[in-house]
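Data from start_19.tsv: TSV, C-alpha atoms
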```
chain	number	residue	atom	x	y	z
J	7	MET	CA	87.57	99.11	25.02
J	8	ARG	CA	89.23	101.89	23.01
J	9	MET	CA	86.84	104.45	24.55
J	10	LEU	CA	87.70	103.22	28.05
J	11	ALA	CA	91.43	103.48	27.32
J	12	TRP	CA	90.95	107.01	25.92
J	13	ASN	CA	89.00	108.08	28.99
J	14	LEU	CA	91.67	106.67	31.30
J	15	LEU	CA	94.36	108.44	29.27
J	16	ASN	CA	92.47	111.74	29.51
J	17	GLN	CA	92.02	111.30	33.26
J	18	ASN	CA	95.75	110.64	33.65
J	19	HIS	CA	96.55	113.78	31.66
J	20	ARG	CA	94.15	115.84	33.75
J	21	CYS	CA	95.65	114.48	36.96
J	22	ASP	CA	99.17	115.20	35.71
J	23	PHE	CA	98.17	118.73	34.70
J	24	ALA	CA	96.54	119.34	38.08
J	25	THR	CA	99.60	118.00	39.87
J	26	ARG	CA	101.92	120.28	37.90
J	27	LYS	CA	99.66	123.28	38.47
J	28	GLU	CA	99.61	122.58	42.20
J	29	ARG	CA	103.36	122.04	42.24
J	30	TYR	CA	104.06	125.45	40.70
J	31	ARG	CA	101.69	127.50	42.79
J	32	MET	CA	103.44	130.76	43.65
J	33	LYS	CA	104.08	131.45	47.31
J	34	ILE	CA	104.65	135.05	48.40
J	35	VAL	CA	106.07	135.61	51.87
J	36	VAL	CA	105.59	138.95	53.61
J	37	SER	CA	107.75	139.73	56.62
J	38	PHE	CA	106.36	142.11	59.22
J	39	LYS	CA	107.31	143.43	62.64
J	40	VAL	CA	105.06	143.74	65.68
J	41	VAL	CA	105.75	146.98	67.53
J	42	SER	CA	104.35	148.88	70.49
J	43	ASP	CA	101.63	151.35	69.62
J	44	ASP	CA	103.35	154.74	69.94
J	45	GLN	CA	100.13	156.29	71.25
J	46	ASP	CA	100.40	154.09	74.36
J	47	ILE	CA	104.10	154.73	75.10
J	48	GLN	CA	104.59	156.84	78.20
J	49	VAL	CA	107.54	159.17	78.78
J	50	SER	CA	108.91	159.38	82.31
J	51	GLY	CA	110.36	162.50	83.89
J	52	ASP	CA	113.91	161.45	83.07
J	53	GLY	CA	113.01	160.87	79.42
J	54	SER	CA	112.95	157.07	79.63
J	55	LEU	CA	110.19	155.26	77.74
J	56	ASP	CA	107.60	153.03	79.39
J	57	PHE	CA	106.18	150.36	77.08
J	58	SER	CA	104.35	148.37	79.77
J	59	LYS	CA	100.87	149.61	78.80
J	60	ALA	CA	101.42	149.77	75.05
J	61	HIS	CA	99.34	147.49	72.82
J	62	LYS	CA	101.08	145.39	70.18
J	63	ILE	CA	100.32	146.35	66.58
J	64	VAL	CA	101.76	145.64	63.14
J	65	SER	CA	104.32	148.22	62.05
J	66	ALA	CA	102.60	150.74	59.79
J	67	TYR	CA	105.14	150.33	56.95
J	68	ASP	CA	104.58	146.57	56.93
J	69	LEU	CA	100.86	147.03	56.33
J	70	ASN	CA	101.77	148.42	52.90
J	71	ALA	CA	103.91	145.35	52.23
J	72	MET	CA	101.01	143.08	53.23
J	73	GLU	CA	98.67	144.82	50.83
J	74	ALA	CA	101.26	144.63	48.05
J	75	ALA	CA	101.61	140.89	48.67
J	76	ALA	CA	97.83	140.40	48.64
J	77	GLN	CA	97.50	142.31	45.36
J	78	LEU	CA	100.31	140.32	43.74
J	79	ALA	CA	98.65	137.07	44.82
J	80	ALA	CA	95.32	138.24	43.39
J	81	ALA	CA	97.02	139.05	40.08
J	82	ASN	CA	98.66	135.62	39.86
J	83	GLU	CA	96.11	132.80	39.89
J	84	GLY	CA	96.71	130.16	42.52
J	85	ALA	CA	99.26	132.25	44.44
J	86	SER	CA	99.20	132.36	48.24
J	87	VAL	CA	100.52	134.78	50.85
J	88	VAL	CA	102.36	133.69	53.99
J	89	GLY	CA	103.05	136.14	56.81
J	90	VAL	CA	106.17	135.70	58.97
J	91	THR	CA	107.28	137.55	62.09
J	92	VAL	CA	109.51	137.14	65.13
J	93	GLY	CA	109.28	138.83	68.51
J	94	ASP	CA	108.71	138.38	72.23
J	95	ALA	CA	105.99	136.21	73.73
J	96	LYS	CA	103.47	139.09	73.74
J	97	ILE	CA	103.15	139.08	69.96
J	98	ASP	CA	101.21	135.80	70.23
J	99	ASP	CA	97.96	137.73	70.48
J	100	SER	CA	94.73	136.38	69.01
J	101	LYS	CA	93.43	139.78	67.90
J	102	LEU	CA	96.72	140.70	66.27
J	103	LYS	CA	96.97	137.38	64.40
J	104	LYS	CA	93.42	137.69	63.07
J	105	ASN	CA	94.15	141.26	61.98
J	106	VAL	CA	97.09	140.02	59.90
J	107	LEU	CA	95.17	137.11	58.38
J	108	ALA	CA	92.24	139.39	57.53
J	109	ARG	CA	94.47	141.45	55.20
J	110	GLY	CA	94.83	138.93	52.39
J	111	VAL	CA	97.34	136.72	54.21
J	112	ASP	CA	96.53	133.00	53.88
J	113	GLU	CA	98.83	131.53	56.54
J	114	LEU	CA	100.88	132.83	59.45
J	115	PHE	CA	104.22	131.68	60.85
J	116	MET	CA	105.32	133.31	64.09
J	117	THR	CA	108.24	132.90	66.46
J	118	ALA	CA	106.94	134.24	69.78
J	119	ASP	CA	109.60	133.95	72.47
J	120	ASP	CA	111.07	136.37	74.99
J	121	ALA	CA	114.46	135.32	73.64
J	122	CYS	CA	113.49	137.38	70.58
J	123	ALA	CA	112.73	140.58	72.50
J	124	ASP	CA	114.45	143.83	71.51
J	125	MET	CA	116.49	142.29	68.70
J	126	ASP	CA	118.48	144.43	66.30
J	127	ALA	CA	118.37	143.99	62.50
J	128	HIS	CA	121.18	141.40	62.50
J	129	ALA	CA	119.46	139.16	65.06
J	130	THR	CA	116.04	139.67	63.46
J	131	ALA	CA	117.34	138.57	60.06
J	132	ALA	CA	118.85	135.42	61.61
J	133	ALA	CA	115.59	134.57	63.40
J	134	LEU	CA	113.54	135.17	60.25
J	135	ALA	CA	115.88	132.96	58.22
J	136	ASP	CA	115.29	130.11	60.68
J	137	LEU	CA	111.54	130.69	60.60
J	138	LEU	CA	111.50	130.65	56.79
J	139	GLY	CA	112.94	127.16	56.98
J	140	LYS	CA	109.58	126.10	58.42
J	141	VAL	CA	107.63	127.81	55.64
J	142	GLY	CA	109.10	125.63	52.91
J	143	GLU	CA	109.68	126.73	49.33
J	144	TYR	CA	108.73	130.28	48.34
J	145	ASP	CA	109.07	132.54	45.31
J	146	LEU	CA	109.26	136.02	46.82
J	147	ILE	CA	109.84	137.69	50.19
J	148	LEU	CA	108.39	141.17	50.67
J	149	CYS	CA	109.48	143.54	53.43
J	150	GLY	CA	108.32	146.99	54.47
J	151	ASP	CA	110.43	150.10	53.98
J	152	GLY	CA	111.52	149.95	57.64
J	153	SER	CA	110.05	149.35	61.07
J	154	ALA	CA	107.94	152.00	62.79
J	155	ASP	CA	110.13	151.93	65.90
J	156	ASN	CA	113.81	151.77	64.88
J	157	TYR	CA	113.49	152.31	61.11
J	158	ALA	CA	116.95	150.84	60.55
J	159	GLN	CA	116.11	149.70	56.98
J	160	GLN	CA	118.51	146.79	57.37
J	161	VAL	CA	116.44	143.63	57.86
J	162	ASP	CA	115.71	143.19	54.14
J	163	VAL	CA	119.35	143.27	53.00
J	164	GLN	CA	120.63	141.23	55.95
J	165	LEU	CA	117.89	138.62	55.48
J	166	ALA	CA	118.79	138.34	51.79
J	167	ALA	CA	122.44	137.88	52.76
J	168	LYS	CA	121.49	135.12	55.22
J	169	LEU	CA	119.44	133.31	52.58
J	170	GLY	CA	121.85	133.92	49.70
J	171	LEU	CA	119.17	135.69	47.64
J	172	PRO	CA	119.23	138.85	45.50
J	173	VAL	CA	117.61	141.93	47.04
J	174	VAL	CA	115.97	145.08	45.67
J	175	ASN	CA	114.82	147.92	47.92
J	176	GLY	CA	112.67	150.99	47.39
J	177	ALA	CA	110.17	149.17	45.16
J	178	ALA	CA	107.19	151.28	44.12
J	179	LYS	CA	105.72	148.73	41.71
J	180	ILE	CA	106.22	144.98	41.25
J	181	GLU	CA	105.16	142.65	38.45
J	182	LEU	CA	105.79	138.91	38.59
J	183	GLY	CA	106.63	136.76	35.60
J	184	ALA	CA	108.05	133.32	34.94
J	185	GLY	CA	110.90	133.13	37.43
J	186	VAL	CA	111.51	136.87	37.42
J	187	ALA	CA	110.17	140.01	39.09
J	188	THR	CA	110.12	143.40	37.36
J	189	VAL	CA	110.57	146.15	39.92
J	190	GLU	CA	110.04	149.88	39.45
J	191	ARG	CA	112.02	152.15	41.76
J	192	VAL	CA	111.38	155.92	41.99
J	193	LEU	CA	114.73	157.58	42.66
J	194	GLU	CA	115.52	161.26	43.15
J	195	ASP	CA	115.92	162.09	39.46
J	196	VAL	CA	114.85	158.99	37.56
J	197	VAL	CA	112.41	156.09	37.53
J	198	GLU	CA	114.47	152.88	37.45
J	199	THR	CA	113.17	149.52	36.24
J	200	VAL	CA	115.12	146.41	37.18
J	201	GLU	CA	114.57	142.68	36.75
J	202	VAL	CA	115.54	140.28	39.51
J	203	PRO	CA	115.44	136.47	39.35
J	204	LEU	CA	113.21	134.66	41.82
J	205	PRO	CA	113.31	133.82	44.63
J	206	ALA	CA	114.34	137.26	45.86
J	207	VAL	CA	113.84	139.71	48.71
J	208	ILE	CA	112.14	142.98	47.82
J	209	SER	CA	111.36	145.85	50.18
J	210	VAL	CA	108.60	148.27	49.21
J	211	VAL	CA	108.00	151.95	49.80
J	212	PRO	CA	104.76	153.02	51.54
J	213	ASP	CA	103.29	154.28	48.24
J	214	VAL	CA	103.34	150.77	46.75
J	215	ALA	CA	99.82	150.00	48.03
J	216	LEU	CA	97.23	151.50	50.36
J	217	PRO	CA	96.45	149.06	53.22
J	218	ARG	CA	92.92	147.71	53.18
J	219	ILE	CA	90.49	147.99	56.07
J	220	PRO	CA	89.36	144.41	56.86
J	221	GLY	CA	85.61	143.86	56.91
J	222	MET	CA	83.71	141.62	59.30
J	223	LYS	CA	83.69	138.80	56.73
J	224	ASP	CA	87.49	138.99	56.45
J	225	ILE	CA	87.92	138.98	60.23
J	226	LEU	CA	85.64	135.96	60.70
J	227	ALA	CA	87.42	134.06	57.92
J	228	ALA	CA	90.80	134.89	59.48
J	229	GLY	CA	90.01	132.77	62.52
J	230	LYS	CA	89.90	129.65	60.32
J	231	LYS	CA	93.26	130.22	58.64
J	232	PRO	CA	96.44	128.37	59.75
J	233	MET	CA	98.39	130.04	62.58
J	234	ASN	CA	101.77	128.44	63.27
J	235	VAL	CA	103.34	129.76	66.48
J	236	SER	CA	106.58	128.33	67.84
J	237	ALA	CA	109.38	129.08	70.28
J	238	ALA	CA	112.78	130.34	69.19
J	239	ASP	CA	115.25	127.77	67.89
J	240	GLY	CA	118.00	129.37	69.96
J	241	ALA	CA	119.54	132.65	71.03
J	242	TYR	CA	120.28	135.28	68.39
J	243	ALA	CA	123.31	137.49	68.93
J	244	ALA	CA	122.94	141.20	68.31
J	245	ALA	CA	125.49	143.18	66.34
J	246	LEU	CA	124.62	146.46	68.06
J	247	GLU	CA	124.56	147.45	71.71
J	248	VAL	CA	121.92	149.98	72.77
J	249	VAL	CA	123.40	152.15	75.49
J	250	ASP	CA	120.34	154.28	76.15
J	251	CYS	CA	117.04	155.23	74.56
J	252	LYS	CA	115.18	158.33	75.71
J	253	ALA	CA	112.66	160.78	74.37
J	254	PRO	CA	114.11	164.10	73.13
J	255	GLU	CA	113.86	167.05	75.48
J	256	GLN	CA	111.04	169.41	74.70
J	257	ALA	CA	112.25	172.92	73.87
J	258	ASP	CA	110.41	175.84	75.44
J	259	ARG	CA	108.37	177.86	72.97
J	260	LYS	CA	109.24	181.53	72.61
J	261	LEU	CA	105.60	182.49	72.05
J	262	GLU	CA	106.67	185.34	69.80
J	263	ILE	CA	103.65	186.90	68.10
J	264	ILE	CA	104.00	189.06	64.98
J	265	ASP	CA	101.13	191.30	63.97
J	266	ALA	CA	100.44	190.77	60.28
J	267	SER	CA	99.19	194.36	59.92
J	268	GLU	CA	102.58	195.81	60.88
J	269	ASP	CA	105.02	196.98	58.23
J	270	GLY	CA	107.66	194.38	57.51
J	271	ALA	CA	105.69	191.60	59.28
J	272	ILE	CA	106.54	189.07	56.58
J	273	GLU	CA	110.24	189.88	56.77
J	274	LYS	CA	110.18	189.58	60.56
J	275	PHE	CA	108.38	186.24	60.32
J	276	ALA	CA	110.88	184.91	57.78
J	277	ALA	CA	113.81	186.11	59.90
J	278	ALA	CA	112.35	184.42	63.01
J	279	ILE	CA	112.02	181.09	61.15
J	280	LYS	CA	115.56	181.37	59.79
J	281	ALA	CA	116.91	182.05	63.26
J	282	ALA	CA	115.07	179.06	64.69
J	283	LEU	CA	116.61	176.77	62.08
```
As C-alpha cells, how would this structure be written, given the file I've shared?
Amino acid sequence: MRMLAWNLLNQNHRCDFATRKERYRMKIVVSFKVVSDDQDIQVSGDGSLDFSKAHKIVSAYDLNAMEAAAQLAAANEGASVVGVTVGDAKIDDSKLKKNVLARGVDELFMTADDACADMDAHATAAALADLLGKVGEYDLILCGDGSADNYAQQVDVQLAAKLGLPVVNGAAKIELGAGVATVERVLEDVVETVEVPLPAVISVVPDVALPRIPGMKDILAAGKKPMNVSAADGAYAAALEVVDCKAPEQADRKLEIIDASEDGAIEKFAAAIKAAL
C-alpha cells in the first residue's frame, strides 16, 4: 500500500514537472516582410515601376532574423519559433510559406488581405500588433534590420510602442536567460552590451546569422507545419503619403579612357574620380 502511494506521488510530481516545463516553453516570434523580387521589377520609359510580373519573396534582411531565431530556439531546449507577416492577398503563396517554415520556423501566422497592400511602417506595426494577438503569449520578437524595398527601419520601434514593450536595435549577438536577453551591439567606436527584460522587440543586423539553405527534408517537413492565414481585422491608416515612386534617371557615361602608360595617368585618374563626385 505504501509502495502504491509512493508510486502515485512520484507520478503526480512527474506530471506537475512536465506541466510546468510545458508552461514555460519559450516562444520566439520573428516578423518578416514579403516583398517583390527586385530582379523581376520592370522600369517603364517614364521611370515608373511595374511590379505585375514580380515574384513574392521574403525580404533578404528578414532571412537573417529568421536564422537568428532558429539558432536561439536550438540553444534553448523546448523553444519554438513563430513567423508573422502581413501583406496583400498575393503573399498567401504555398511555395513562399513552405520556404519560411523550412528555415527553422515551427508555425506561421499571416494576414493576407489587399487591405494590407502598400502599407507604411505605422500601418504595418498596427497590423502586426493585431496579428500577434492571435499568436498568444511570447517571450521575444525579432525583426530584420529593415525591409529590402523601403528600408525605413521603423517597424521594430513602432511595433514595440504599440505593444508597450522595450526595444533594442542593431543587435549583432543575442543570448537569452531567465526573463532577460543580453544583446551585443557593434557601434561606430565601441561594442555595447545591454540587458533588456523579456518580452521585448529586438531588431538584428545582417551579420547576426547567415541564412541557411533549406534541404529537401526541411521543405517536405514544412508542408506539415501549421499555417494560419487570415483576413485583416480592419483598415490600417498610414502616417505617410507617397506622392510618387520612380527609378532614378541613368546618367550617360563619359567613356573617358586614360592610358596607364602615360605620364601622370594616376593623377589624371584621381582627378577624374574627384570631379565625378
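Residue nearest Pro212 of chain J, chosen from J:Gly150, J:Gly270, J:Pro172, J:Pro254 and counting only C-alpha atoms: J:Gly150.
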Using all atoms listed in the file, find each residue in segment 205-241 of chain J having at least one atom no more than 12 Å away from segment 131-142 of chain J; report its shortest atom-to-atom pair and that distance in Å (one decimal), rows by chain then rising number, as a tab-separated table.
```
residue	atom	partner	partner_atom	distance
J:Val207	CA	J:Ala135	CA	11.8
J:Pro232	CA	J:Val141	CA	11.9
J:Met233	CA	J:Val141	CA	11.8
J:Asn234	CA	J:Lys140	CA	9.5
J:Val235	CA	J:Leu137	CA	10.1
J:Ser236	CA	J:Leu137	CA	9.1
J:Ala237	CA	J:Leu137	CA	10.0
J:Ala238	CA	J:Ala133	CA	7.7
J:Asp239	CA	J:Asp136	CA	7.6
J:Gly240	CA	J:Ala133	CA	8.7
J:Ala241	CA	J:Ala133	CA	8.8
```
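By only C-alpha atoms, and with residues fewer than 3 positions from Glu190 of chain J along its chain excluded, the set lying at most 9 Å from it is Gly176, Ala177, Ala178, Lys179, Ile180, Glu181, Val197, Glu198, Thr199, Val200 and Glu201 of chain J.
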Go ahead and dump the residues you just picked, C-alpha atoms, as a tab-separated table (two decimals), in the frame of the given file.
```tsv
chain	number	residue	atom	x	y	z
J	176	GLY	CA	112.67	150.99	47.39
J	177	ALA	CA	110.17	149.17	45.16
J	178	ALA	CA	107.19	151.28	44.12
J	179	LYS	CA	105.72	148.73	41.71
J	180	ILE	CA	106.22	144.98	41.25
J	181	GLU	CA	105.16	142.65	38.45
J	197	VAL	CA	112.41	156.09	37.53
J	198	GLU	CA	114.47	152.88	37.45
J	199	THR	CA	113.17	149.52	36.24
J	200	VAL	CA	115.12	146.41	37.18
J	201	GLU	CA	114.57	142.68	36.75
```
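Atom CA of Asp155 of chain J is positioned 8.4 Å from atom CA of Asp44 of chain J.
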Please report as a Markdown table every residue of segment 170-236 of chain J lying within 12 Å of segment 55-66 of chain J, along with the nearest atom pair and their distance in Å (one decimal), using only C-alpha atoms.
```
| residue | atom | partner | partner_atom | distance |
| --- | --- | --- | --- | --- |
| J:Val211 | CA | J:Ala66 | CA | 11.4 |
| J:Pro212 | CA | J:Ala66 | CA | 8.8 |
| J:Leu216 | CA | J:Ala66 | CA | 10.9 |
| J:Pro217 | CA | J:Ala66 | CA | 9.2 |
```
Practice problem: Rank J:Ala127, J:Ala228, J:Ala158, J:Val214 by their smallest atom-to-atom distance to Asp112 of chain J, using only C-alpha atoms, and report the top residue only. | Solution: J:Ala228
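For the choices J:Ile264, J:Val92, J:Met32, J:Ile219, the atom-to-atom distance to Arg109 of chain J is smallest for J:Ile219 when using all atoms listed in the file.
Of the listed residues J:Ser54, J:Cys122, J:Asp68, J:Val106, the one whose atoms come nearest to Gln159 of chain J is J:Asp68, with distances taken using all atoms listed in the file.
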Practice problem: Can you pull out every residue within 12 Å of Phe275 of chain J, counting all atoms listed in the file, but drop anything in the same chain fewer than 5 positions away, and send it as a PyMOL selection string? | Solution: chain J and resi 262-266+268-270+280-282
Practice problem: Would you mind listing what lies within 12 Å of Cys149 of chain J as a PyMOL selection string, with all atoms listed in the file counted and same-chain residues fewer than 2 positions away left out? | Solution: chain J and resi 34-39+65-75+89-91+131+134+146-147+151-153+159-166+173-177+206-212+214
Quiz item: How many Å separate atom CA of Asp46 of chain J from atom CA of Ala253 of chain J?
Solution: 14.0 Å
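The interatomic distance for the pair atom CA of Gly53 of chain J and atom CA of Lys252 of chain J works out to 5.0 Å.
Nearest to Val41 of chain J of all the residues J:Ile272, J:Ala154, J:Ala80, J:Ala121 is J:Ala154, based on only C-alpha atoms.
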Quiz prompt | Selection: 10 Å around Gly183 of chain J, all atoms listed in the file, excl. self and same-chain fewer than 6 positions, as a ChimeraX atom specification | solution = /J:82,201,203-204
Any chance you can output those residues with C-alpha atoms as a compact mmCIF listing (two decimals), in the coordinates of the input?
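Written file, part-v3.txt:
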```txt
# COMPACT_ATOMS: atom_id res chain seq x y z
CA ASN J 82 98.66 135.62 39.86
CA GLU J 201 114.57 142.68 36.75
CA PRO J 203 115.44 136.47 39.35
CA LEU J 204 113.21 134.66 41.82
```
Around all listed atoms of segment 147-158 of chain J, padded 8 Å per side, what centre and edge lengths does the axis-aligned box have in Å to one decimal, as JSON?
```
{"center_x": 112.4, "center_y": 145.0, "center_z": 58.0, "size_x": 25.0, "size_y": 30.6, "size_z": 31.7}
```
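Across J:Ile97, J:Leu182, J:Leu102, J:Leu193, the tightest approach to Asp120 of chain J is made by J:Ile97 when counting all atoms listed in the file.
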